[in-house]
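Each remark here refers to the structure printed beneath this line.
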Amino acid sequence: MDRSYYRIPVSSFQDLQNKINSFSLLESETRLFRGQSRASWNLESGLFRSLRDKGQIKNFYQQEEIELESFFKNARFSTWTEHSPIQKLSIAQHYQARTRLLDWSESWEIALWFAFYDNEERKERALYSIFIDPWDIFPEEYQEFPDYCLVRFINPQKFLSNPRIQNQRGWFSTQAARIIPPDKVRSGDGIPQFDKMGLIEEDPHFNFKITKFILPDFIRDEVLTYLKEKGINDNFIFPDN
């Protein structure tokens, strides 16, 4: 099956299962999933979406610093302040702080729970699938984010011994905001512009690797019953609450 950035409507839960299983995985690839309760949302981090809606995208990195400072004031996480930037962002993101990171899972079932767990009436929800290669992943030895605006993936399971991350089989992708942080040198003609937001679906390197399944809200009860039988519920997703 061609992996162009597909927007695939789903007619039933069984239809979704069949379509997910119709994709083959190359030996070198990792397949990740993300569930979103609104099909209209792009692949944006919560911080990015909030600032975009307020017209404050230029404050992206400054606001992230404020979020992290507030997060690590919590005694539960204060010991993490000496960890690397990638590790700090990862733990903060996984406990609902707003950062540049976007959550993914190795499990389509976990991602499906995030698409349907709320009881709000929606017309459509979404399940994203993406195939990534080894060069799309931050090497384990990276301690800081490189100074370029590229989307890259992080596997926090390798450096965070955390039941929430392990149960969710969690990964993150970076938000490649087209913004130079204020403490970085600006020179030449390579200054990022604001004509594109830097969304992963806008990146020509990734767009052919992404599939977006459009999920009708009426399959919600069937989905949640299936997930409950699999042991996937609030207590499993958030075992340390």
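Convention: chains lettered A, B, ... in structure tokens order; per-chain residue numbering from 1; ligands numbered from 1 as shown.
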
Q.
Residues near Pro9 in chain A, anyone? I mean within 10 Å using only C-alpha atoms, not counting same-chain ones fewer than 6 positions away, as a list in words.
A. Asp15, Leu16, Glu124, Ala126, Lys212, Phe213, Ile214, Leu215 and Pro216 of chain A

Those same residues, written as a PDB file, in the first residue's frame with C-alpha atoms?
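Okay, out24.pdb is ready:
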```
ATOM      1  CA  ASP A  15     -12.990  -1.676   9.439  1.00  0.00           C
ATOM      2  CA  LEU A  16     -10.360   0.180  11.465  1.00  0.00           C
ATOM      3  CA  GLU A 124     -15.227  12.507  14.360  1.00  0.00           C
ATOM      4  CA  ALA A 126      -8.691  10.550  14.734  1.00  0.00           C
ATOM      5  CA  LYS A 212      -4.803   9.621   9.491  1.00  0.00           C
ATOM      6  CA  PHE A 213      -7.790   7.376  10.220  1.00  0.00           C
ATOM      7  CA  ILE A 214     -11.016   9.361  10.640  1.00  0.00           C
ATOM      8  CA  LEU A 215     -13.094   7.659  13.334  1.00  0.00           C
ATOM      9  CA  PRO A 216     -16.855   8.152  13.691  1.00  0.00           C
TER      10      PRO A 216
END
```

- Which neighbours of range 152-164 of chain A fall inside 7 Å, counting only C-alpha atoms, when residues of the same chain fewer than 3 positions from it are skipped, and could you give them as a list in words?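 Residues near the query, excluding close chain neighbours: Ser90, Asp136, Ile137, Phe138, Asn167, Gln168, Gly170, Trp171, Phe172, Ser173, Thr174, Ile237, Phe238, Pro239 and Asp240 of chain A.
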
Taking C-alpha atoms for each residue, export the selection above as a compact mmCIF listing (two decimals), in the first residue's frame.
```txt
# COMPACT_ATOMS: atom_id res chain seq x y z
CA SER A 90 10.08 14.05 28.53
CA ASP A 136 14.36 9.91 12.60
CA ILE A 137 15.18 9.04 16.23
CA PHE A 138 17.39 11.05 18.60
CA ASN A 167 2.37 1.08 30.24
CA GLN A 168 1.65 3.60 27.52
CA GLY A 170 5.28 6.04 25.04
CA TRP A 171 7.32 7.97 22.50
CA PHE A 172 7.55 11.68 21.71
CA SER A 173 8.12 13.75 18.61
CA THR A 174 9.46 17.29 18.71
CA ILE A 237 -2.89 4.30 31.44
CA PHE A 238 -2.15 6.24 34.64
CA PRO A 239 -0.97 3.58 37.15
CA ASP A 240 0.74 6.11 39.43
```

Point-to-point distance from CA of Ser78 in chain A to CA of Gln93 in chain A, Å rounded to tenths: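 Result for CA of Ser78 in chain A versus CA of Gln93 in chain A: 14.8 Å, one decimal.
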
Counting only C-alpha atoms, closest pick from A:Tyr6, A:Phe60, A:Phe77, A:Trp113 relative to Asn233 in chain A is A:Trp113

Straight-line distance linking CA of Gly231 in chain A with CA of Ile20 in chain A, stated in Å to one decimal: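 Atom-to-atom, CA of Gly231 in chain A to CA of Ile20 in chain A, that is 20.4 Å.
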
TODO: Tell me, in Å to one decimal, how far CA of Phe72 in chain A is from CA of Ile86 in chain A.
DONE: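 Taking CA of Phe72 in chain A as the start and CA of Ile86 in chain A as the end point, the length is 14.4 Å.
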
Query - Minimum-distance residue to Ala39 in chain A, chosen among A:Tyr95, A:Asn241, A:Arg7, A:Asp53 (using only C-alpha atoms) - result: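 For Ala39 in chain A, the nearest of the candidates is A:Arg7.
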